[in-house]
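Trainee: This is target00.pdb (PDB, C-alpha atoms, pLDDT in the B column).
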MODEL        1
ATOM      1  CA  MET A   1      19.018  -0.536  -7.146  1.00 86.00           C
ATOM      2  CA  HIS A   2      15.906  -2.436  -6.211  1.00 88.00           C
ATOM      3  CA  PRO A   3      14.220  -4.549  -8.939  1.00 87.00           C
ATOM      4  CA  LEU A   4      10.972  -2.598  -8.534  1.00 89.00           C
ATOM      5  CA  ASP A   5      12.522   0.868  -8.843  1.00 91.00           C
ATOM      6  CA  GLY A   6      11.408   1.119 -12.477  1.00 90.00           C
ATOM      7  CA  ALA A   7       7.837   0.211 -11.567  1.00 90.00           C
ATOM      8  CA  LYS A   8       7.831   2.744  -8.723  1.00 91.00           C
ATOM      9  CA  SER A   9       9.170   5.423 -11.064  1.00 93.00           C
ATOM     10  CA  LYS A  10       6.429   4.803 -13.630  1.00 92.00           C
ATOM     11  CA  THR A  11       3.754   4.790 -10.915  1.00 92.00           C
ATOM     12  CA  GLU A  12       5.025   8.108  -9.544  1.00 93.00           C
ATOM     13  CA  ARG A  13       4.915   9.589 -13.042  1.00 93.00           C
ATOM     14  CA  ALA A  14       1.303   8.422 -13.397  1.00 91.00           C
ATOM     15  CA  LYS A  15       0.475  10.063 -10.048  1.00 92.00           C
ATOM     16  CA  THR A  16       1.994  13.335 -11.315  1.00 93.00           C
ATOM     17  CA  HIS A  17      -0.281  13.209 -14.364  1.00 92.00           C
ATOM     18  CA  ILE A  18      -3.297  12.366 -12.184  1.00 90.00           C
ATOM     19  CA  ARG A  19      -2.621  15.433 -10.018  1.00 89.00           C
ATOM     20  CA  SER A  20      -2.320  17.603 -13.148  1.00 88.00           C
ATOM     21  CA  LEU A  21      -5.598  16.261 -14.512  1.00 85.00           C
ATOM     22  CA  ASN A  22      -7.348  16.831 -11.163  1.00 85.00           C
ATOM     23  CA  ARG A  23      -6.139  20.442 -11.114  1.00 84.00           C
ATOM     24  CA  ALA A  24      -7.336  20.992 -14.699  1.00 80.00           C
ATOM     25  CA  ILE A  25     -10.743  19.500 -13.970  1.00 77.00           C
ATOM     26  CA  THR A  26     -11.294  21.530 -10.787  1.00 78.00           C
ATOM     27  CA  LYS A  27     -10.452  24.752 -12.656  1.00 76.00           C
ATOM     28  CA  TYR A  28     -13.039  24.025 -15.326  1.00 71.00           C
ATOM     29  CA  PRO A  29     -16.459  25.693 -14.916  1.00 67.00           C
ATOM     30  CA  PRO A  30     -18.909  23.573 -12.914  1.00 64.00           C
ATOM     31  CA  ASP A  31     -21.547  23.870 -15.628  1.00 61.00           C
ATOM     32  CA  ALA A  32     -19.294  22.190 -18.227  1.00 62.00           C
ATOM     33  CA  ASN A  33     -20.545  19.065 -19.935  1.00 68.00           C
ATOM     34  CA  ILE A  34     -18.617  16.463 -17.911  1.00 65.00           C
ATOM     35  CA  ASN A  35     -20.500  13.456 -16.577  1.00 67.00           C
ATOM     36  CA  VAL A  36     -19.082  10.582 -14.557  1.00 66.00           C
ATOM     37  CA  ALA A  37     -21.339   7.640 -13.815  1.00 67.00           C
ATOM     38  CA  GLU A  38     -20.809   4.200 -12.356  1.00 63.00           C
ATOM     39  CA  LYS A  39     -22.093   1.671 -14.833  1.00 62.00           C
ATOM     40  CA  SER A  40     -24.069  -0.408 -12.350  1.00 55.00           C
ATOM     41  CA  GLU A  41     -26.057  -2.094 -15.089  1.00 49.00           C
ATOM     42  CA  LEU A  42     -22.822  -3.656 -16.341  1.00 51.00           C
ATOM     43  CA  GLY A  43     -22.137  -5.163 -12.932  1.00 55.00           C
ATOM     44  CA  ARG A  44     -18.718  -5.599 -11.438  1.00 57.00           C
ATOM     45  CA  PRO A  45     -15.674  -6.498 -13.548  1.00 56.00           C
ATOM     46  CA  THR A  46     -14.837 -10.181 -13.560  1.00 58.00           C
ATOM     47  CA  SER A  47     -11.614 -12.157 -13.734  1.00 58.00           C
ATOM     48  CA  PRO A  48     -10.849 -14.435 -16.701  1.00 60.00           C
ATOM     49  CA  LEU A  49     -12.368 -17.263 -14.647  1.00 63.00           C
ATOM     50  CA  GLY A  50     -15.632 -15.330 -14.248  1.00 58.00           C
ATOM     51  CA  HIS A  51     -15.125 -14.353 -10.592  1.00 58.00           C
ATOM     52  CA  THR A  52     -16.175 -10.879  -9.505  1.00 58.00           C
ATOM     53  CA  VAL A  53     -13.218  -8.591  -8.850  1.00 54.00           C
ATOM     54  CA  GLU A  54     -13.762  -7.148  -5.381  1.00 59.00           C
ATOM     55  CA  GLY A  55     -13.311  -3.397  -4.983  1.00 56.00           C
ATOM     56  CA  ALA A  56     -13.482  -2.786  -8.749  1.00 57.00           C
ATOM     57  CA  SER A  57     -16.060  -0.780 -10.632  1.00 60.00           C
ATOM     58  CA  ILE A  58     -16.679   0.237 -14.207  1.00 64.00           C
ATOM     59  CA  TYR A  59     -17.184   3.950 -14.799  1.00 67.00           C
ATOM     60  CA  GLU A  60     -18.249   5.869 -17.846  1.00 70.00           C
ATOM     61  CA  LEU A  61     -16.883   9.348 -18.436  1.00 69.00           C
ATOM     62  CA  ASP A  62     -18.562  11.622 -20.949  1.00 70.00           C
ATOM     63  CA  ILE A  63     -16.646  14.789 -21.824  1.00 66.00           C
ATOM     64  CA  ASP A  64     -17.725  17.233 -24.487  1.00 65.00           C
ATOM     65  CA  PRO A  65     -14.831  16.911 -26.986  1.00 63.00           C
ATOM     66  CA  GLY A  66     -14.680  20.654 -27.454  1.00 61.00           C
ATOM     67  CA  ILE A  67     -13.815  21.527 -23.865  1.00 60.00           C
ATOM     68  CA  ARG A  68     -10.362  20.045 -23.301  1.00 64.00           C
ATOM     69  CA  SER A  69      -8.788  17.947 -26.023  1.00 68.00           C
ATOM     70  CA  ASN A  70      -5.487  17.738 -24.096  1.00 77.00           C
ATOM     71  CA  TRP A  71      -7.161  15.866 -21.232  1.00 80.00           C
ATOM     72  CA  SER A  72      -7.242  12.744 -23.385  1.00 81.00           C
ATOM     73  CA  LEU A  73      -3.482  13.035 -23.828  1.00 85.00           C
ATOM     74  CA  ILE A  74      -2.992  13.220 -20.067  1.00 88.00           C
ATOM     75  CA  VAL A  75      -5.243  10.178 -19.533  1.00 87.00           C
ATOM     76  CA  GLY A  76      -3.258   8.327 -22.214  1.00 89.00           C
ATOM     77  CA  ASP A  77      -0.001   9.136 -20.411  1.00 92.00           C
ATOM     78  CA  ILE A  78      -1.456   7.951 -17.100  1.00 91.00           C
ATOM     79  CA  LEU A  79      -2.522   4.623 -18.586  1.00 91.00           C
ATOM     80  CA  SER A  80       0.761   4.224 -20.447  1.00 93.00           C
ATOM     81  CA  ASN A  81       2.781   4.740 -17.282  1.00 93.00           C
ATOM     82  CA  LEU A  82       0.645   2.355 -15.259  1.00 91.00           C
ATOM     83  CA  ARG A  83       0.947  -0.315 -17.957  1.00 91.00           C
ATOM     84  CA  ALA A  84       4.724   0.195 -18.103  1.00 91.00           C
ATOM     85  CA  SER A  85       4.794  -0.211 -14.331  1.00 90.00           C
ATOM     86  CA  LEU A  86       3.055  -3.581 -14.698  1.00 88.00           C
ATOM     87  CA  ASP A  87       5.526  -4.559 -17.417  1.00 87.00           C
ATOM     88  CA  HIS A  88       8.419  -3.842 -15.027  1.00 81.00           C
ATOM     89  CA  ILE A  89       6.825  -6.057 -12.389  1.00 82.00           C
TER
ENDMDL
END
Could you take the file, read its structure, and then write that structure out as structure tokens?
Mentor:
Amino acid sequence: MHPLDGAKSKTERAKTHIRSLNRAITKYPPDANINVAEKSELGRPTSPLGHTVEGASIYELDIDPGIRSNWSLIVGDILSNLRASLDHI
């Protein structure tokens, strides 16, 4: 076994959840109240030393809570798996 096998496994699980969420979102009616916007007024994320993190952005996602309450569970699983992957590393 490779030392990063656990991290790879958690990352693959996150990708599975991301694909599921993408499928759910694309099946939802286009007139649904879902808004995604880059928060340009907040600027780019910075490191603890105050340096701008290249290639990073801050986004805001507004979803009407009545449309898909299980989406938040999927997002939570994605983030949990990605964090666990970092813990393995």
Trainee: Figure out the distance between CA of Asp77 (chain A) and CA of His17 (chain A), please, to one decimal in Å.
Mentor: 7.3 Å
Trainee: Enumerate, as a count of residues only, the residues matched when the PyMOL selection byres ((chain A and resi 79) around 12) is run on the file above.
Mentor: 21
Trainee: Have a look at CA of Leu21 (chain A) and CA of Glu60 (chain A) and let me know their distance in Å, one decimal.
Mentor: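 The value is 16.7 Å.
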Trainee: Using Å and a single decimal, report how far CA of Ala7 (chain A) sits from CA of Asn22 (chain A).
Mentor: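 It comes out at 22.5 Å.
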Trainee: Box along x, y and z, 3 Å on every side, all listed atoms of region 6-16 of chain A inside: centre and edge lengths in Å to one decimal, as lines of an AutoDock Vina configuration file.
Mentor:
center_x = 5.9
center_y = 6.8
center_z = -11.2
size_x = 16.9
size_y = 19.1
size_z = 10.9
Trainee: Smallest atom-to-atom distance to Pro3 (chain A): which of A:Asn70, A:Ile89, A:Asp62, A:Thr26, using all atoms listed in the file?
Mentor: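 Looking at the shortest contact to Pro3 (chain A), the residue is A:Ile89.
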